[in-house]
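Here is the structure we will look at.
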Amino acid sequence: MGQSLDADRLAEYLQRAGQRLAPLYTISGDEPLLVIEATDALRAAARQAGYTDRTSMIMDARSDWSAVFAATQSVSLFGDKRILEIKLPTGKPGKTGADTLTKLATQAAAQPDPDTLIVVALPRLDKATRESKWVQALAQSGMMIDIASIERSRLPAWVGARLARQNQRADAATLQWMADRVEGNLLAAHQEIQKLGLLYPEGQLAAQDVERAVLNVARYDVFGLRDAMLAGDAPRTIRMLEGLRAEGEALPLVLWAVGDEIRLLARVAEARATGQDAGALMRRLRIFGAHEKLALQALGRIPAKAWPAAVQHAHEVDRLIKGLTVPGRLADAWEEMTRLALRVAAAGSRAR
């Protein structure tokens, strides 16, 4: 079988599949709202196909995996077809779990119309885990549903599409404003959009009505800050730092995300400047995928000779956090942290 779907194509696939569902589905993603919606859609389709019973098991490397395999062998008292949901929040099943999942995948491939439909729920997987034997077995024997996170640049369009589902719409500026308020928290965004559906009639929404109804429910995280900094988005970098500070995030953690990134890119910049294989170094430093793309943007904006000073700046912020005085730096460590992040984010065309 071995097919792959994204969240947007899942509904169309389930409608087309009708009564003939695959024996095995694997859902992978870190966005709770989208994972919940995909799982609910799959459950509804399974009920329509006659899978009326459901068993859910939360597993990890220390769990008794023999119980999972036994659950696929036991017969329902009333002969009902059922869904077996295996949730693996850590994405790490251990050796026994990996062997069990591989065996279940092999079993599913050999039974195209089984009495038990298996759904495996995983977090977003890194490259090494994706290439592991057990994940490959799941992917080849069933349907792999990849739930991608909604990038910040796509968030206004996502909000607009969700409003359209309830026959409402807003102008581009209002969608952008909403995206700023719900960034990083799609569950809250979903609730706010539903609230607009309850408060206001179908059609065009007035900006002032949206502003009155929508709360500031953004959830900021240090990796989002890192990405904004690398992308050269200075306003978003400032906004995320302010959000992290308001939410009580520990400043040493913020410095770790920003300072460690600066140190890594300083090494890559030096490698590039001296003719070394920068791509190989980035792989060794585990800079992959979207992170790699953003890192290359920052390296393209900022000359190699500027990175050592940024590394020194990070050391000085660390001293401020520890309560030490640093000549030439602000006394407020959060304010100096902002200056450090903007050193990368605001390095615009003049550094190209």
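In the structure tokens, each chain is lettered A, B, ... as it comes, each chain's residues begin at 1, and ligands are numbered from 1 in order of appearance.
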
How would you write, as a PyMOL selection string, the set of residues in region 138-347 of chain A that DSSP gives as helix (DSSP H, G or I)?
chain A and resi 138-141+152-165+172-182+186-199+207-213+222-231+234-246+251-273+278-284+289-301+304-321+333-345

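Near Leu10 (chain A), within 10 Å and counting only C-alpha atoms, sit Ser4, Arg16, Ala38, Ala41, Leu42, Ile145 and Asp146 of chain A; same-chain residues fewer than 6 positions away were not included.
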
Just the number, please: distance in Å from CA of Leu196 (chain A) to CA of Gln166 (chain A), one decimal.
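Interatomic distance, CA of Leu196 (chain A) to CA of Gln166 (chain A): 9.3 Å.
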
One decimal, in Å: what's the spacing between CA of Arg162 (chain A) and CA of Glu192 (chain A)?
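Between CA of Arg162 (chain A) and CA of Glu192 (chain A) the gap is 10.7 Å.
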
Determine, counting only C-alpha atoms, which protein, DNA and RNA residues have an atom within 12 Å of an atom of region 273-285 of chain A; residues of the same chain fewer than 2 positions away are not included. Present the result as a PyMOL selection string.
chain A and resi 127+260-261+263-271+287-289+291-293+295-296+299-300+303-307

For Arg239 (chain A), list every protein, DNA or RNA residue within 12 Å, evaluated using only C-alpha atoms, and leave out those in the same chain fewer than 2 positions away; present the list as a PyMOL selection string.
chain A and resi 180-181+183+218-221+224-225+228-229+233-237+241-246+338+341-342

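What separates CA of Asp60 (chain A) from CA of Thr90 (chain A) is a distance of 6.8 Å.
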